[in-house]
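**Student:** Provided herewith is a single structure, encoded as structure tokens, for subsequent inquiry.
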Amino acid sequence: MTTSKKNNLKSVLIVLVLVVLANVIGNSFFHRFDLTKDNRYTLSPTSLTIVKQVQNPLSIKVYMQGDLPAEFKRLQQETKQLLEEFQAYNSNIVFEFVDPLENDDASMDNIKDLYRKGLTPINITVDDKGKQSQAMVFPWATAVYDNKEVNIPLLKNIMGATTTQKVIGSVQHLEYSIAEGLNKITKAKQKKIAVIKGNGELQDIMMAKFLLQVRESYHIGPFTLDSVAKNPIGSLEALEKYDLAVIAKPTETFTDAEKQVLDQFIINGGKTLWLIDQVTAEMDSLYNASGATLAYPRDLNLNDMFFKYGIRINPDLVKDEQGSPIKLATGEQGSATQFQEFNWKFAPQVYPNSVHPIVKNLGGIKFDFANPIDTLKNGIKKTILLESSQYSKKIGTPTEINLNSVAEETSPNDYLNKGKIPLSVLLEGSFRSMFENRVLPFKQKTFQTTGKENKMIVISDGDLIKNQLDKNFQPVELGYDQRSGNLYDNKDFLINCVNYLLDDTGLINIRSKDLDLPLLDKEKVYENYTRTQILTIGLPILILVLFGILFTFLRKRKYSK
């Protein structure tokens, strides 16, 4: 064997050894590099924890394939890249993209099946250089694990936004949507939520959408305070088995014994979500011949309890120029009746200003006859989650509420030094019992005056959790207003509240992750359409052709000698 052949063989062996060594090292030390500025494809620690929970095959089916509009192609690509990240950390996760409209003969059956699963499509108008057409898209995915299935929404509804803005917002929440879906079917339920009954709270059907959403991640059950009158100690012991109590729009007075049960539940570490109306006023009572109703204070006997914890809910109404739309009949009755949209100022449309994870990146949240909240100094940390706009004010009660008020004219001077009224407050710290240095309503050997570190959220509107009913008396989506057709972020806000109170803050932090997602200026694209095509398509092809010609020329020149 010649010396040159020996050297070549030696070089090949060295290369093979280096390749094998590199593979061994690569298998031992796993790492993925994310070169994006905002670390878009770097999974959060919470997502990685959820991925590790997947011990068996988990199948994900994404219904976004085929001829999609340009905006949804981006959502499709971002979804695919993110799922590849999940799969890279756990090979048990497999996914596929399918087109439910691919086969014309079977497409209607596929659409019906998806409807039955709750996967509703969206119809969008595609604008291509002035030419408009309609397209149906299913921005959904389903995940199956251990015979459990969950729907994963990929498109986030953003009220008043264009399709492009909705897609950008959806990419922002993509990791949260997928991680939350996987968490629901892989993590065993542990925390328990009590829905308090017995004091005229909302019926289950009026908050069915909230209960159904919460039930996917937590154990949930009704808890009636009626038993306190006969067996207060037993009621307290039973309530203490729950981690969170939800008190949704009570309308009847709480007894002192019932308050002691709730107080000691809080002192012993129980979390609470209060949705309280301090004023009696309902939209339904306005739809009468006079178009008016009387709003008056409601006595729930909870003022001293809230005062001890550091807040006060005033029996006033918040009137906000940033209200919600309402449709009212105008003109003469009969065939000449027309419906016109007005601004209803007693239904504030609140956009969060706080950067707290509970409300960060949320859209508009709709209130109905909300009450002002005052915060008091008592050593408890208070974070204002939601507040009215700067053009809002308090209206004392009792007062008449009239639909004719939609026609009133106002000026900024009417709201000088009156706006920014707190409507939802997070309280965190060591609460003190309201029965401290007081005679107890019932004897309790385990009575405590000072509690452990705890937290609660108070919302001054019981209707925030209330879903409307359709003509068949079935609940519609929480936050959806049938009168205006708008979908507000009430459900996302409440789910974030529950997750935060139960210390499931990881998912909330994913939701508040910031991504830099610039939008294309369509007008500029249309103006420079030909130039854009040349730069994005023609120039790369030209570079390849020139490179090929140069490479061929140099190769011929080298080997022709």
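Here, A, B, ... name the chains of the structure tokens in the order displayed, residue numbers run from 1 inside each chain, and ligands are numbered from 1 in the same displayed order.
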What's around range 290-303 of chain A at 6 Å? Count only C-alpha atoms, leave out sequence neighbours fewer than 5 positions away in its own chain, and write the answer as a list of chain:residue names.
**Tutor:**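 Using only C-alpha atoms, the neighbours found are A:Thr253, A:Phe254, A:Gln278, A:Val279, A:Thr280, A:Ala281, A:Pro315, A:Thr397, A:Pro398, A:Thr399, A:Glu400, A:Ile401, A:Asn402, A:Leu403.
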**Student:** With N, CA, C and O atoms kept, could you save the residues just selected as a CSV table (one decimal), in the first residue's frame?
**Tutor:**
```csv
chain,number,residue,atom,x,y,z
A,253,THR,N,-78.4,38.1,53.2
A,253,THR,CA,-77.6,38.5,54.3
A,253,THR,C,-76.9,37.3,55.0
A,253,THR,O,-77.5,36.2,55.2
A,254,PHE,N,-75.6,37.4,55.3
A,254,PHE,CA,-74.8,36.4,55.9
A,254,PHE,C,-75.0,36.5,57.5
A,254,PHE,O,-74.9,37.6,58.0
A,278,GLN,N,-72.8,45.2,45.9
A,278,GLN,CA,-73.2,45.9,47.0
A,278,GLN,C,-74.4,46.8,46.7
A,278,GLN,O,-75.0,47.5,47.5
A,279,VAL,N,-74.9,46.7,45.4
A,279,VAL,CA,-76.0,47.5,44.9
A,279,VAL,C,-76.9,46.5,44.2
A,279,VAL,O,-76.5,45.7,43.4
A,280,THR,N,-78.2,46.6,44.4
A,280,THR,CA,-79.2,45.8,43.6
A,280,THR,C,-79.6,46.5,42.4
A,280,THR,O,-80.2,47.6,42.4
A,281,ALA,N,-79.1,46.0,41.2
A,281,ALA,CA,-79.4,46.6,39.9
A,281,ALA,C,-79.2,45.5,38.9
A,281,ALA,O,-78.1,44.9,38.8
A,315,PRO,N,-71.5,51.1,48.4
A,315,PRO,CA,-72.8,50.9,47.8
A,315,PRO,C,-73.1,51.9,46.7
A,315,PRO,O,-74.1,52.6,46.8
A,397,THR,N,-76.2,55.7,45.6
A,397,THR,CA,-77.5,55.1,45.6
A,397,THR,C,-78.3,55.3,46.9
A,397,THR,O,-77.6,55.6,47.9
A,398,PRO,N,-79.6,55.2,46.9
A,398,PRO,CA,-80.5,54.8,45.8
A,398,PRO,C,-80.5,55.9,44.7
A,398,PRO,O,-80.5,57.1,44.9
A,399,THR,N,-80.7,55.4,43.4
A,399,THR,CA,-80.8,56.3,42.3
A,399,THR,C,-81.6,55.5,41.2
A,399,THR,O,-81.6,54.3,41.1
A,400,GLU,N,-82.2,56.3,40.3
A,400,GLU,CA,-82.9,55.7,39.2
A,400,GLU,C,-81.9,55.5,38.0
A,400,GLU,O,-81.1,56.4,37.7
A,401,ILE,N,-82.0,54.3,37.4
A,401,ILE,CA,-81.2,54.0,36.2
A,401,ILE,C,-82.2,54.0,35.1
A,401,ILE,O,-83.2,53.3,35.1
A,402,ASN,N,-81.9,54.8,34.1
A,402,ASN,CA,-82.8,54.9,32.9
A,402,ASN,C,-82.0,54.7,31.6
A,402,ASN,O,-80.9,55.2,31.5
A,403,LEU,N,-82.7,54.0,30.7
A,403,LEU,CA,-82.0,53.7,29.4
A,403,LEU,C,-81.9,55.0,28.6
A,403,LEU,O,-81.0,55.1,27.7
```
**Student:** Using only C-alpha atoms, what does the table of range 293-314 of chain A residues within 12 Å of range 374-381 of chain A look like, with each row giving the shortest atom pair and its distance in Å to one decimal, sorted by chain and ascending number, as CSV?
**Tutor:**
```
residue,atom,partner,partner_atom,distance
A:Asn303,CA,A:Asp374,CA,11.7
A:Phe306,CA,A:Leu376,CA,9.9
A:Phe307,CA,A:Leu376,CA,7.6
A:Lys308,CA,A:Asn378,CA,8.1
A:Tyr309,CA,A:Ile380,CA,7.5
A:Gly310,CA,A:Leu376,CA,4.8
A:Ile311,CA,A:Thr375,CA,4.5
A:Arg312,CA,A:Asp374,CA,5.0
A:Ile313,CA,A:Asp374,CA,6.4
A:Asn314,CA,A:Asp374,CA,7.5
```
**Student:** Keeping only C-alpha atoms, write those residues as a PDB file, in the first residue's frame.
**Tutor:**
```pdb
ATOM      1  CA  ASN A 303     -68.773  45.178  55.538  1.00  0.00           C
ATOM      2  CA  PHE A 306     -63.962  43.179  54.480  1.00  0.00           C
ATOM      3  CA  PHE A 307     -62.969  46.186  56.613  1.00  0.00           C
ATOM      4  CA  LYS A 308     -60.880  43.911  58.849  1.00  0.00           C
ATOM      5  CA  TYR A 309     -59.152  42.424  55.795  1.00  0.00           C
ATOM      6  CA  GLY A 310     -58.326  45.879  54.438  1.00  0.00           C
ATOM      7  CA  ILE A 311     -60.935  46.869  51.852  1.00  0.00           C
ATOM      8  CA  ARG A 312     -64.365  48.454  51.609  1.00  0.00           C
ATOM      9  CA  ILE A 313     -66.906  47.912  48.802  1.00  0.00           C
ATOM     10  CA  ASN A 314     -69.021  51.033  48.597  1.00  0.00           C
TER      11      ASN A 314
END
```
**Student:** I'd like the contact shell of range 352-369 of chain A - 7 Å cut-off, only C-alpha atoms, skipping same-chain residues fewer than 6 positions apart - returned as a PyMOL selection string.
**Tutor:** chain A and resi 158+281+317-318+346+385-386+461+463-464+488-490+493+496-497+508-509+512
**Student:** Residues of range 313-549 of chain A classed as helix (DSSP H, G or I) by DSSP on the backbone are to be reported as a PyMOL selection string.
**Tutor:** chain A and resi 403-407+412-415+462-465+490-501+505-511+522-527+529-549
**Student:** Quick one, how far is CA of Gln260 in chain A from CA of Gly462 in chain A?
**Tutor:**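 Separation of CA of Gln260 in chain A and CA of Gly462 in chain A: 22.1 Å.
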**Student:** Between A:Thr552, A:Glu321, A:Leu101, A:Ile465, which one has atoms that come closest to Glu409 in chain A, using only C-alpha atoms?
**Tutor:**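 The closest residue to Glu409 in chain A is A:Glu321.
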**Student:** Figure out the distance between CA of Ile205 in chain A and CA of Ala370 in chain A, please, to one decimal in Å.
**Tutor:** 21.7 Å
**Student:** Could you please determine the separation between CA of Val498 in chain A and CA of Leu174 in chain A in Å, to one decimal place?
**Tutor:**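 That distance, rounded to one decimal, is 20.5 Å.
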